[in-house]
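A.B. asks: The structure file final_35.tsv (TSV, C-alpha atoms and all ligand atoms) is provided below.
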chain	number	residue	atom	x	y	z
N	12	MET	CA	0.00	0.00	0.00
N	13	ALA	CA	2.93	2.39	0.62
N	14	ASP	CA	4.48	3.93	-2.52
N	15	GLN	CA	1.07	4.38	-4.07
N	16	GLN	CA	0.09	7.85	-5.15
N	17	ALA	CA	-3.42	9.16	-4.90
N	18	ARG	CA	-5.44	8.74	-8.09
N	19	LEU	CA	-7.94	11.54	-8.59
N	20	SER	CA	-10.77	12.86	-10.66
N	21	TRP	CA	-11.99	16.46	-10.42
N	22	ARG	CA	-15.63	17.25	-9.73
N	23	GLU	CA	-16.77	20.48	-11.37
N	24	GLY	CA	-13.09	21.00	-12.14
N	25	VAL	CA	-12.30	21.99	-8.54
N	26	ILE	CA	-13.07	19.25	-6.02
N	27	PRO	CA	-10.64	16.33	-5.94
N	28	VAL	CA	-12.37	12.96	-5.69
N	29	SER	CA	-10.37	9.84	-4.87
N	30	ASP	CA	-10.60	7.14	-7.52
N	31	GLN	CA	-9.37	4.60	-4.93
N	32	PHE	CA	-12.15	5.42	-2.43
N	33	ASP	CA	-14.78	7.09	-4.65
N	34	ASP	CA	-15.13	9.93	-2.14
N	35	PRO	CA	-14.28	13.67	-2.21
N	36	TYR	CA	-11.39	15.04	-0.15
N	37	PHE	CA	-13.43	17.88	1.27
N	38	SER	CA	-16.96	19.14	1.43
N	39	ILE	CA	-18.52	20.64	-1.63
N	40	GLN	CA	-20.24	23.27	0.52
N	41	ASN	CA	-17.25	24.91	2.16
N	42	GLY	CA	-14.24	22.74	2.93
N	43	LEU	CA	-12.37	25.35	4.97
N	44	ALA	CA	-15.32	26.29	7.17
N	45	GLU	CA	-15.94	22.59	7.78
N	46	THR	CA	-12.30	22.06	8.75
N	47	GLU	CA	-12.50	24.95	11.19
N	48	HIS	CA	-15.74	23.70	12.72
N	49	VAL	CA	-14.86	20.03	12.95
N	50	PHE	CA	-11.12	19.86	13.54
N	51	LEU	CA	-10.21	23.18	15.12
N	52	ALA	CA	-13.31	23.97	17.22
N	53	GLY	CA	-13.86	20.20	17.73
N	54	ASN	CA	-10.46	20.06	19.48
N	55	ASP	CA	-11.07	23.38	21.27
N	56	LEU	CA	-8.45	25.12	19.12
N	57	PRO	CA	-6.94	27.64	18.99
N	58	ARG	CA	-7.79	28.07	22.74
N	59	ARG	CA	-5.69	25.02	23.77
N	60	PHE	CA	-2.62	25.97	21.74
N	61	ALA	CA	0.50	26.08	23.92
N	62	PRO	CA	4.25	25.92	23.26
N	63	GLY	CA	5.18	22.59	21.66
N	64	PHE	CA	1.56	21.74	20.82
N	65	HIS	CA	1.36	18.63	18.65
N	66	ILE	CA	-1.48	17.79	16.26
N	67	ALA	CA	-1.66	14.38	14.60
N	68	GLU	CA	-3.95	13.45	11.74
N	69	LEU	CA	-5.20	10.36	9.96
N	70	GLY	CA	-5.27	11.28	6.26
N	71	PHE	CA	-3.13	14.21	5.02
N	72	GLY	CA	-4.90	14.48	1.65
N	73	THR	CA	-4.59	17.99	0.23
N	74	GLY	CA	-3.03	19.42	3.40
N	75	LEU	CA	-6.05	21.71	3.93
N	76	ASN	CA	-6.50	20.79	7.60
N	77	MET	CA	-2.82	21.37	8.29
N	78	LEU	CA	-2.96	24.78	6.59
N	79	ALA	CA	-6.02	25.82	8.61
N	80	ALA	CA	-4.29	24.79	11.84
N	81	TRP	CA	-1.03	26.52	10.89
N	82	ARG	CA	-2.90	29.70	9.96
N	83	ALA	CA	-4.71	29.66	13.34
N	84	TRP	CA	-1.38	29.10	15.10
N	85	GLU	CA	0.25	32.10	13.44
N	86	GLU	CA	-2.79	34.37	13.60
N	87	THR	CA	-3.11	33.82	17.35
N	88	GLY	CA	0.58	34.67	17.83
N	89	GLN	CA	1.77	31.38	19.32
N	90	ALA	CA	5.43	31.03	20.29
N	91	GLY	CA	7.69	28.56	18.48
N	92	ALA	CA	6.53	25.89	16.05
N	93	LEU	CA	3.31	23.93	15.75
N	94	ARG	CA	4.09	20.25	15.36
N	95	PHE	CA	1.85	18.52	12.85
N	96	THR	CA	2.21	14.82	12.02
N	97	SER	CA	-0.06	13.22	9.45
N	98	PHE	CA	-0.43	9.56	8.43
N	99	GLU	CA	-1.10	9.06	4.72
N	100	ALA	CA	-1.23	5.92	2.62
N	101	PHE	CA	-1.72	7.55	-0.80
N	102	PRO	CA	0.20	10.85	-0.92
N	103	MET	CA	-1.16	13.39	-3.33
N	104	ALA	CA	1.19	14.86	-5.95
N	105	PRO	CA	2.13	18.46	-5.01
N	106	GLY	CA	0.68	19.71	-8.31
N	107	ASP	CA	-2.68	18.18	-7.42
N	108	MET	CA	-2.49	19.69	-3.93
N	109	ALA	CA	-1.84	23.11	-5.44
N	110	ARG	CA	-4.82	22.74	-7.74
N	111	ALA	CA	-7.12	21.61	-4.91
N	112	LEU	CA	-6.00	24.37	-2.57
N	113	GLU	CA	-6.80	27.05	-5.15
N	114	ALA	CA	-10.41	26.72	-3.95
N	115	PHE	CA	-9.43	28.33	-0.62
N	116	PRO	CA	-8.02	31.83	-1.13
N	117	ALA	CA	-8.19	32.44	2.65
N	118	VAL	CA	-5.28	30.05	3.17
N	119	ALA	CA	-3.41	30.96	-0.04
N	120	PRO	CA	-0.49	32.67	1.76
N	121	TRP	CA	0.10	29.51	3.84
N	122	ALA	CA	-0.45	27.19	0.87
N	123	GLU	CA	2.17	29.11	-1.12
N	124	ARG	CA	4.77	28.87	1.65
N	125	PHE	CA	4.01	25.19	2.19
N	126	LEU	CA	4.09	24.22	-1.48
N	127	ALA	CA	7.35	26.11	-2.05
N	128	ALA	CA	8.99	23.85	0.56
N	129	TRP	CA	7.10	20.56	0.12
N	130	SER	CA	8.79	17.79	-1.89
N	131	GLY	CA	5.70	15.60	-1.66
N	132	HIS	CA	7.22	13.31	0.98
N	133	GLY	CA	8.72	13.28	4.44
N	134	ALA	CA	9.14	16.27	6.69
N	135	CYS	CA	9.53	20.00	6.32
N	136	ASP	CA	10.43	22.82	8.67
N	137	LEU	CA	8.71	26.11	7.98
N	138	GLY	CA	9.81	27.90	11.13
N	139	THR	CA	6.40	28.16	12.78
N	140	LEU	CA	5.41	24.69	11.51
N	141	HIS	CA	7.20	21.37	11.83
N	142	LEU	CA	5.38	19.02	9.51
N	143	GLU	CA	5.92	15.32	9.12
N	144	VAL	CA	3.93	13.05	6.83
N	145	ILE	CA	4.35	9.37	7.68
N	146	GLU	CA	3.64	7.33	4.59
N	147	GLY	CA	1.92	3.99	4.49
N	148	ASP	CA	-1.17	2.39	5.94
N	149	ALA	CA	-1.74	4.05	9.33
N	150	ARG	CA	-2.69	0.65	10.76
N	151	MET	CA	0.92	-0.40	10.19
N	152	SER	CA	2.74	2.86	10.91
N	153	LEU	CA	0.91	4.30	13.94
N	154	PRO	CA	1.68	1.45	16.39
N	155	SER	CA	5.42	2.11	16.14
N	156	TRP	CA	5.13	5.92	16.32
N	157	THR	CA	6.94	7.10	19.43
N	158	ALA	CA	5.16	10.44	20.04
N	159	ARG	CA	1.84	11.42	21.63
N	160	ALA	CA	-0.38	14.12	20.17
N	161	ASP	CA	-2.33	16.77	22.05
N	162	ALA	CA	-5.07	16.75	19.42
N	163	TRP	CA	-6.08	14.33	16.69
N	164	PHE	CA	-7.81	15.11	13.40
N	165	LEU	CA	-9.54	11.86	12.38
N	166	ASP	CA	-10.14	12.51	8.70
N	167	GLY	CA	-10.38	9.30	6.72
N	168	PHE	CA	-12.83	9.08	3.86
N	169	SER	CA	-16.36	8.20	4.92
N	170	PRO	CA	-16.43	5.20	7.26
N	171	ALA	CA	-18.58	3.30	4.74
N	172	LYS	CA	-15.95	3.71	2.00
N	173	ASN	CA	-12.75	3.68	4.07
N	174	PRO	CA	-13.61	1.46	7.09
N	175	GLU	CA	-9.98	0.45	7.67
N	176	LEU	CA	-9.11	3.99	8.83
N	177	TRP	CA	-11.81	3.87	11.52
N	178	GLU	CA	-11.49	0.38	12.92
N	179	PRO	CA	-11.44	-0.15	16.71
N	180	ALA	CA	-7.83	-1.38	16.76
N	181	LEU	CA	-6.70	1.84	15.08
N	182	MET	CA	-8.79	3.96	17.49
N	183	ALA	CA	-6.98	2.16	20.32
N	184	GLU	CA	-3.66	3.19	18.75
N	185	VAL	CA	-4.92	6.77	18.48
N	186	ALA	CA	-5.73	6.71	22.21
N	187	ALA	CA	-2.35	5.18	23.05
N	188	HIS	CA	-0.74	8.05	21.14
N	189	THR	CA	-2.70	10.84	22.82
N	190	ALA	CA	-1.40	12.89	25.74
N	191	GLU	CA	-3.42	12.90	28.99
N	192	GLY	CA	-6.24	15.41	28.57
N	193	GLY	CA	-5.69	15.31	24.81
N	194	THR	CA	-8.54	15.25	22.33
N	195	ALA	CA	-9.72	13.84	19.03
N	196	ALA	CA	-12.37	15.13	16.67
N	197	THR	CA	-14.02	13.85	13.54
N	198	TYR	CA	-16.82	14.86	11.19
N	199	THR	CA	-18.51	11.48	11.49
N	200	ALA	CA	-20.89	10.35	14.21
N	201	ALA	CA	-21.00	6.74	12.97
N	202	GLY	CA	-21.83	4.47	15.89
N	203	PHE	CA	-18.95	2.05	15.37
N	204	VAL	CA	-16.46	4.91	15.35
N	205	ARG	CA	-17.86	6.36	18.60
N	206	ARG	CA	-17.86	2.92	20.20
N	207	GLY	CA	-14.28	2.32	19.07
N	208	LEU	CA	-13.15	5.60	20.62
N	209	GLU	CA	-15.03	4.81	23.85
N	210	ALA	CA	-13.56	1.33	24.05
N	211	ALA	CA	-10.13	2.91	23.57
N	212	GLY	CA	-10.63	5.04	26.69
N	213	PHE	CA	-11.91	8.33	25.29
N	214	GLU	CA	-14.88	10.15	26.76
N	215	VAL	CA	-17.00	10.65	23.65
N	216	THR	CA	-19.59	13.34	22.93
N	217	ARG	CA	-21.81	13.84	19.91
N	218	ILE	CA	-22.04	17.53	19.06
N	219	PRO	CA	-23.67	19.45	16.17
N	220	GLY	CA	-21.97	18.82	12.85
N	221	PHE	CA	-21.15	21.21	10.03
N	222	GLY	CA	-23.71	22.28	7.44
N	223	ARG	CA	-26.10	19.51	6.59
N	224	LYS	CA	-24.38	16.99	8.86
N	225	ARG	CA	-26.42	16.77	12.05
N	226	HIS	CA	-23.71	15.39	14.29
N	227	MET	CA	-19.97	15.02	14.64
N	228	THR	CA	-17.80	13.43	17.33
N	229	GLN	CA	-15.58	14.93	19.97
N	230	ALA	CA	-13.43	12.78	22.25
N	231	VAL	CA	-11.33	13.58	25.32
N	232	LYS	CA	-8.75	11.31	26.91
N	233	ARG	CA	-9.11	11.42	30.69
B	1	LIG	C1	-10.78	12.80	3.46
B	1	LIG	S1	-9.14	12.56	2.93
B	1	LIG	C2	-8.19	13.59	4.01
B	1	LIG	C3	-8.33	15.06	3.73
B	1	LIG	C4	-7.23	15.86	4.36
B	1	LIG	N1	-7.21	15.82	5.79
B	1	LIG	C5	-7.18	17.28	3.85
B	1	LIG	O1	-7.00	18.23	4.66
B	1	LIG	O2	-7.25	17.44	2.61
B	1	LIG	C6	-8.72	10.95	3.59
B	1	LIG	C7	-7.27	10.58	3.41
B	1	LIG	O3	-7.02	9.34	4.11
B	1	LIG	C8	-6.07	8.60	3.36
B	1	LIG	N2	-6.14	7.18	3.75
B	1	LIG	C9	-7.11	6.28	3.44
B	1	LIG	N3	-6.85	5.08	4.01
B	1	LIG	C10	-5.69	5.22	4.69
B	1	LIG	C11	-4.90	4.34	5.51
B	1	LIG	N4	-5.27	3.06	5.70
B	1	LIG	N5	-3.79	4.83	6.08
B	1	LIG	C12	-3.41	6.13	5.90
B	1	LIG	N6	-4.12	7.01	5.14
B	1	LIG	C13	-5.23	6.55	4.54
B	1	LIG	C14	-6.48	8.88	1.93
B	1	LIG	O4	-5.45	8.60	1.01
B	1	LIG	C15	-6.85	10.37	1.99
B	1	LIG	O5	-5.75	11.19	1.70
Would you encode the structure as C-alpha cells?
Ligand SMILES: C[S@@+](CC[C@H](N)C(=O)[O-])C[C@H]1O[C@@H](n2cnc3c(N)ncnc32)[C@H](O)[C@@H]1O

C.D. replies:
Amino acid sequence: MADQQARLSWREGVIPVSDQFDDPYFSIQNGLAETEHVFLAGNDLPRRFAPGFHIAELGFGTGLNMLAAWRAWEETGQAGALRFTSFEAFPMAPGDMARALEAFPAVAPWAERFLAAWSGHGACDLGTLHLEVIEGDARMSLPSWTARADAWFLDGFSPAKNPELWEPALMAEVAAHTAEGGTAATYTAAGFVRRGLEAAGFEVTRIPGFGRKRHMTQAVKR
C-alpha cells in the first residue's frame, strides 16, 4: 500500500475525488469552514494551543486541515513551532495539492509557503510549523510511532468507503498516542467509530456537525 500515489478525478473541475475510495477530499459546501468547525473547534483550538503543541492526523490528503491549523497558530501569535504529524497511505502529488487548494483563497499565503517547501514526501520545517507526513497504511505505521499528540484530526474518507481507517484497533492506537487530557475530533458520528473511541478510553460526545451533517464526534482522553 505504501508507494502508491493518490489517483484523482476532479468534480466540477475543482473538487478532488479519490478514484481509490470514490469519495471527495473535502466538502462541496465549504471545505475550509468545515475544517475549522470540525477539527479546530472540535479540538477546542486555537484556545488550547501552547508551546510545543502537537497535532496528529489520519489522512493528510490535500493538506487543507494542516494549513487551517497553521494559519490559526500564526494568527493567534503562538510562540515557536506547531508540530503537525499526518499519516497518509496515498500521498497526493504536489501539483494536485496546489490545484485543490486554489479553492481556498483564505489560506493561499500559507499554501504558497508550504508548497514552495514541500517535496511531496517526508518532513519539512517552515519555522512556525514542523510538519511530518508518515507514509503507508496508518494501521501499520501508527503502532510504532513514538510520540503522543495533544489533538487528533480523524479525517479518513467516509467510514462506509474507508472502514480500515476507523477500525477499533486503530482507534486504540490513536488513544495510546494521545497525551493525557488530549482530544480527538471527527466529522462522522458513525456508531462504530464512537464505540471504538469509547472502548479505547476516550470520553465521547456527539455535538452538532457542520452544514447539513447533524452530528460530529468529539473525544477527550481522561
Ligand atoms: C478525506 S481525505 C483527508 C483530507 C485531508 N485531511 C485534507 O486536509 O485534505 C482521507 C485521506 O485518508 C487517506 N487514507 C485512506 N486510508 C488510509 C490508511 N489506511 N492509512 C493512511 N491514510 C489513509 C487517503 O489517502 C486520503 O488522503

A.B. asks: Enumerate, as a PDB file with C-alpha atoms, in the frame of the given file, the protein, DNA and RNA residues whose atoms approach (2.9, 19.0, -3.6) to within 10 Å, taking into account all atoms listed in the file and the coordinate frame of the file.

C.D. replies:
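The resulting file, part_23.pdb, is reproduced below:
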ATOM      1  CA  THR N  73      -4.590  17.990   0.230  1.00  0.00           C
ATOM      2  CA  GLY N  74      -3.030  19.420   3.400  1.00  0.00           C
ATOM      3  CA  PRO N 102       0.200  10.850  -0.920  1.00  0.00           C
ATOM      4  CA  MET N 103      -1.160  13.390  -3.330  1.00  0.00           C
ATOM      5  CA  ALA N 104       1.190  14.860  -5.950  1.00  0.00           C
ATOM      6  CA  PRO N 105       2.130  18.460  -5.010  1.00  0.00           C
ATOM      7  CA  GLY N 106       0.680  19.710  -8.310  1.00  0.00           C
ATOM      8  CA  ASP N 107      -2.680  18.180  -7.420  1.00  0.00           C
ATOM      9  CA  MET N 108      -2.490  19.690  -3.930  1.00  0.00           C
ATOM     10  CA  ALA N 109      -1.840  23.110  -5.440  1.00  0.00           C
ATOM     11  CA  ARG N 110      -4.820  22.740  -7.740  1.00  0.00           C
ATOM     12  CA  ALA N 122      -0.450  27.190   0.870  1.00  0.00           C
ATOM     13  CA  PHE N 125       4.010  25.190   2.190  1.00  0.00           C
ATOM     14  CA  LEU N 126       4.090  24.220  -1.480  1.00  0.00           C
ATOM     15  CA  ALA N 127       7.350  26.110  -2.050  1.00  0.00           C
ATOM     16  CA  ALA N 128       8.990  23.850   0.560  1.00  0.00           C
ATOM     17  CA  TRP N 129       7.100  20.560   0.120  1.00  0.00           C
ATOM     18  CA  SER N 130       8.790  17.790  -1.890  1.00  0.00           C
ATOM     19  CA  GLY N 131       5.700  15.600  -1.660  1.00  0.00           C
ATOM     20  CA  HIS N 132       7.220  13.310   0.980  1.00  0.00           C
TER      21      HIS N 132
END

A.B. asks: If you count only C-alpha atoms and all ligand atoms, which residues end up within 6 Å of ligand LIG 1 (chain B), as a PDB file with C-alpha atoms, keeping the file's coordinate frame?

C.D. replies:
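The resulting file, pocket.pdb, is shown below:
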ATOM      1  CA  TYR N  36     -11.390  15.040  -0.150  1.00  0.00           C
ATOM      2  CA  LEU N  69      -5.200  10.360   9.960  1.00  0.00           C
ATOM      3  CA  GLY N  70      -5.270  11.280   6.260  1.00  0.00           C
ATOM      4  CA  PHE N  71      -3.130  14.210   5.020  1.00  0.00           C
ATOM      5  CA  GLY N  72      -4.900  14.480   1.650  1.00  0.00           C
ATOM      6  CA  THR N  73      -4.590  17.990   0.230  1.00  0.00           C
ATOM      7  CA  GLY N  74      -3.030  19.420   3.400  1.00  0.00           C
ATOM      8  CA  LEU N  75      -6.050  21.710   3.930  1.00  0.00           C
ATOM      9  CA  ASN N  76      -6.500  20.790   7.600  1.00  0.00           C
ATOM     10  CA  PHE N  98      -0.430   9.560   8.430  1.00  0.00           C
ATOM     11  CA  GLU N  99      -1.100   9.060   4.720  1.00  0.00           C
ATOM     12  CA  ALA N 100      -1.230   5.920   2.620  1.00  0.00           C
ATOM     13  CA  PHE N 101      -1.720   7.550  -0.800  1.00  0.00           C
ATOM     14  CA  GLY N 147       1.920   3.990   4.490  1.00  0.00           C
ATOM     15  CA  ASP N 148      -1.170   2.390   5.940  1.00  0.00           C
ATOM     16  CA  ALA N 149      -1.740   4.050   9.330  1.00  0.00           C
ATOM     17  CA  ASP N 166     -10.140  12.510   8.700  1.00  0.00           C
ATOM     18  CA  GLY N 167     -10.380   9.300   6.720  1.00  0.00           C
ATOM     19  CA  PHE N 168     -12.830   9.080   3.860  1.00  0.00           C
ATOM     20  CA  GLU N 175      -9.980   0.450   7.670  1.00  0.00           C
ATOM     21  CA  LEU N 176      -9.110   3.990   8.830  1.00  0.00           C
TER      22      LEU N 176
END

A.B. asks: Compare N:Val231, N:Ile218, N:Ala210, N:Ala114 by their minimum atom-to-atom distance to Thr189 in chain N, counting all atoms listed in the file, and give me the closest one.

C.D. replies: N:Val231

A.B. asks: To one decimal in Å, tell me the separation between CA of Asp34 in chain N and CA of Lys172 in chain N.

C.D. replies: 7.5 Å

A.B. asks: Choose the residue, out of N:Pro116, N:Arg22, N:Gly53, N:Glu178, that has the smallest atom-to-atom separation from Thr216 in chain N; count all atoms listed in the file.

C.D. replies: N:Gly53

A.B. asks: For a test of reading the model, state the distance in Å between CA of Arg18 in chain N and CA of Gln31 in chain N, rounded to one decimal.

C.D. replies: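 Atom-to-atom, CA of Arg18 in chain N to CA of Gln31 in chain N, that is 6.5 Å.
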
A.B. asks: Determine the nearest neighbour of Arg206 in chain N from the options N:Ala230, N:Ala134, N:Gly192, N:Lys224, counting all atoms listed in the file.

C.D. replies: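 Between N:Ala230, N:Ala134, N:Gly192, N:Lys224, the residue approaching Arg206 in chain N most closely is N:Ala230.
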
A.B. asks: Got a moment to write range 141-153 of chain N out with all heavy atoms, as a PDB file, in the first residue's frame?

C.D. replies:
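The resulting file, decode_22.pdb, is shown below:
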ATOM      1  N   HIS N 141       6.376  22.558  12.097  1.00  0.00           N
ATOM      2  CA  HIS N 141       7.198  21.372  11.832  1.00  0.00           C
ATOM      3  C   HIS N 141       6.249  20.279  11.382  1.00  0.00           C
ATOM      4  O   HIS N 141       5.486  19.735  12.185  1.00  0.00           O
ATOM      5  CB  HIS N 141       7.941  20.922  13.091  1.00  0.00           C
ATOM      6  CG  HIS N 141       9.082  21.808  13.448  1.00  0.00           C
ATOM      7  ND1 HIS N 141       9.900  21.585  14.530  1.00  0.00           N
ATOM      8  CD2 HIS N 141       9.555  22.938  12.856  1.00  0.00           C
ATOM      9  CE1 HIS N 141      10.826  22.542  14.589  1.00  0.00           C
ATOM     10  NE2 HIS N 141      10.628  23.366  13.594  1.00  0.00           N
ATOM     11  N   LEU N 142       6.298  19.983  10.107  1.00  0.00           N
ATOM     12  CA  LEU N 142       5.376  19.017   9.507  1.00  0.00           C
ATOM     13  C   LEU N 142       6.089  17.712   9.224  1.00  0.00           C
ATOM     14  O   LEU N 142       7.214  17.712   8.724  1.00  0.00           O
ATOM     15  CB  LEU N 142       4.841  19.582   8.183  1.00  0.00           C
ATOM     16  CG  LEU N 142       4.074  18.588   7.294  1.00  0.00           C
ATOM     17  CD1 LEU N 142       2.740  18.216   7.924  1.00  0.00           C
ATOM     18  CD2 LEU N 142       3.858  19.189   5.905  1.00  0.00           C
ATOM     19  N   GLU N 143       5.413  16.619   9.553  1.00  0.00           N
ATOM     20  CA  GLU N 143       5.916  15.315   9.119  1.00  0.00           C
ATOM     21  C   GLU N 143       4.759  14.499   8.568  1.00  0.00           C
ATOM     22  O   GLU N 143       3.696  14.418   9.200  1.00  0.00           O
ATOM     23  CB  GLU N 143       6.569  14.552  10.278  1.00  0.00           C
ATOM     24  CG  GLU N 143       7.205  13.260   9.782  1.00  0.00           C
ATOM     25  CD  GLU N 143       7.927  12.452  10.862  1.00  0.00           C
ATOM     26  OE1 GLU N 143       7.779  12.774  12.055  1.00  0.00           O
ATOM     27  OE2 GLU N 143       8.608  11.489  10.498  1.00  0.00           O
ATOM     28  N   VAL N 144       4.943  13.940   7.388  1.00  0.00           N
ATOM     29  CA  VAL N 144       3.929  13.046   6.828  1.00  0.00           C
ATOM     30  C   VAL N 144       4.525  11.638   6.831  1.00  0.00           C
ATOM     31  O   VAL N 144       5.578  11.401   6.231  1.00  0.00           O
ATOM     32  CB  VAL N 144       3.509  13.474   5.411  1.00  0.00           C
ATOM     33  CG1 VAL N 144       2.525  12.462   4.821  1.00  0.00           C
ATOM     34  CG2 VAL N 144       2.861  14.866   5.450  1.00  0.00           C
ATOM     35  N   ILE N 145       3.863  10.746   7.561  1.00  0.00           N
ATOM     36  CA  ILE N 145       4.354   9.368   7.679  1.00  0.00           C
ATOM     37  C   ILE N 145       3.571   8.530   6.672  1.00  0.00           C
ATOM     38  O   ILE N 145       2.346   8.378   6.781  1.00  0.00           O
ATOM     39  CB  ILE N 145       4.180   8.870   9.126  1.00  0.00           C
ATOM     40  CG1 ILE N 145       5.054   9.738  10.056  1.00  0.00           C
ATOM     41  CG2 ILE N 145       4.554   7.380   9.233  1.00  0.00           C
ATOM     42  CD1 ILE N 145       4.951   9.420  11.528  1.00  0.00           C
ATOM     43  N   GLU N 146       4.305   8.032   5.689  1.00  0.00           N
ATOM     44  CA  GLU N 146       3.641   7.330   4.593  1.00  0.00           C
ATOM     45  C   GLU N 146       3.367   5.879   4.905  1.00  0.00           C
ATOM     46  O   GLU N 146       4.153   5.221   5.591  1.00  0.00           O
ATOM     47  CB  GLU N 146       4.502   7.428   3.330  1.00  0.00           C
ATOM     48  CG  GLU N 146       4.250   8.717   2.596  1.00  0.00           C
ATOM     49  CD  GLU N 146       5.044   8.817   1.311  1.00  0.00           C
ATOM     50  OE1 GLU N 146       5.079   7.849   0.528  1.00  0.00           O
ATOM     51  OE2 GLU N 146       5.631   9.894   1.105  1.00  0.00           O
ATOM     52  N   GLY N 147       2.292   5.388   4.330  1.00  0.00           N
ATOM     53  CA  GLY N 147       1.925   3.989   4.485  1.00  0.00           C
ATOM     54  C   GLY N 147       0.579   3.888   5.185  1.00  0.00           C
ATOM     55  O   GLY N 147      -0.004   4.883   5.621  1.00  0.00           O
ATOM     56  N   ASP N 148       0.106   2.662   5.279  1.00  0.00           N
ATOM     57  CA  ASP N 148      -1.169   2.389   5.944  1.00  0.00           C
ATOM     58  C   ASP N 148      -1.019   2.714   7.430  1.00  0.00           C
ATOM     59  O   ASP N 148      -0.157   2.147   8.113  1.00  0.00           O
ATOM     60  CB  ASP N 148      -1.494   0.904   5.740  1.00  0.00           C
ATOM     61  CG  ASP N 148      -2.876   0.531   6.258  1.00  0.00           C
ATOM     62  OD1 ASP N 148      -3.389   1.211   7.168  1.00  0.00           O
ATOM     63  OD2 ASP N 148      -3.428  -0.453   5.749  1.00  0.00           O
ATOM     64  N   ALA N 149      -1.861   3.620   7.928  1.00  0.00           N
ATOM     65  CA  ALA N 149      -1.742   4.048   9.329  1.00  0.00           C
ATOM     66  C   ALA N 149      -1.866   2.866  10.285  1.00  0.00           C
ATOM     67  O   ALA N 149      -1.318   2.903  11.392  1.00  0.00           O
ATOM     68  CB  ALA N 149      -2.816   5.096   9.641  1.00  0.00           C
ATOM     69  N   ARG N 150      -2.545   1.817   9.879  1.00  0.00           N
ATOM     70  CA  ARG N 150      -2.688   0.652  10.765  1.00  0.00           C
ATOM     71  C   ARG N 150      -1.342  -0.012  10.996  1.00  0.00           C
ATOM     72  O   ARG N 150      -1.128  -0.687  12.006  1.00  0.00           O
ATOM     73  CB  ARG N 150      -3.677  -0.360  10.170  1.00  0.00           C
ATOM     74  CG  ARG N 150      -5.094   0.169  10.118  1.00  0.00           C
ATOM     75  CD  ARG N 150      -5.996  -0.775   9.373  1.00  0.00           C
ATOM     76  NE  ARG N 150      -5.570  -0.949   7.979  1.00  0.00           N
ATOM     77  CZ  ARG N 150      -6.115  -1.792   7.125  1.00  0.00           C
ATOM     78  NH1 ARG N 150      -7.118  -2.569   7.508  1.00  0.00           N
ATOM     79  NH2 ARG N 150      -5.689  -1.867   5.889  1.00  0.00           N
ATOM     80  N   MET N 151      -0.418   0.166  10.044  1.00  0.00           N
ATOM     81  CA  MET N 151       0.917  -0.402  10.187  1.00  0.00           C
ATOM     82  C   MET N 151       1.876   0.598  10.823  1.00  0.00           C
ATOM     83  O   MET N 151       2.758   0.220  11.592  1.00  0.00           O
ATOM     84  CB  MET N 151       1.488  -0.798   8.810  1.00  0.00           C
ATOM     85  CG  MET N 151       0.565  -1.632   7.958  1.00  0.00           C
ATOM     86  SD  MET N 151       0.142  -3.181   8.756  1.00  0.00           S
ATOM     87  CE  MET N 151       1.697  -4.046   8.546  1.00  0.00           C
ATOM     88  N   SER N 152       1.728   1.881  10.486  1.00  0.00           N
ATOM     89  CA  SER N 152       2.738   2.856  10.915  1.00  0.00           C
ATOM     90  C   SER N 152       2.457   3.470  12.285  1.00  0.00           C
ATOM     91  O   SER N 152       3.396   3.786  13.018  1.00  0.00           O
ATOM     92  CB  SER N 152       2.869   3.982   9.875  1.00  0.00           C
ATOM     93  OG  SER N 152       1.602   4.545   9.601  1.00  0.00           O
ATOM     94  N   LEU N 153       1.188   3.638  12.656  1.00  0.00           N
ATOM     95  CA  LEU N 153       0.912   4.304  13.936  1.00  0.00           C
ATOM     96  C   LEU N 153       1.396   3.504  15.158  1.00  0.00           C
ATOM     97  O   LEU N 153       1.940   4.108  16.091  1.00  0.00           O
ATOM     98  CB  LEU N 153      -0.584   4.653  14.047  1.00  0.00           C
ATOM     99  CG  LEU N 153      -1.009   5.335  15.353  1.00  0.00           C
ATOM    100  CD1 LEU N 153      -0.183   6.574  15.665  1.00  0.00           C
ATOM    101  CD2 LEU N 153      -2.504   5.688  15.310  1.00  0.00           C
TER     102      LEU N 153
END
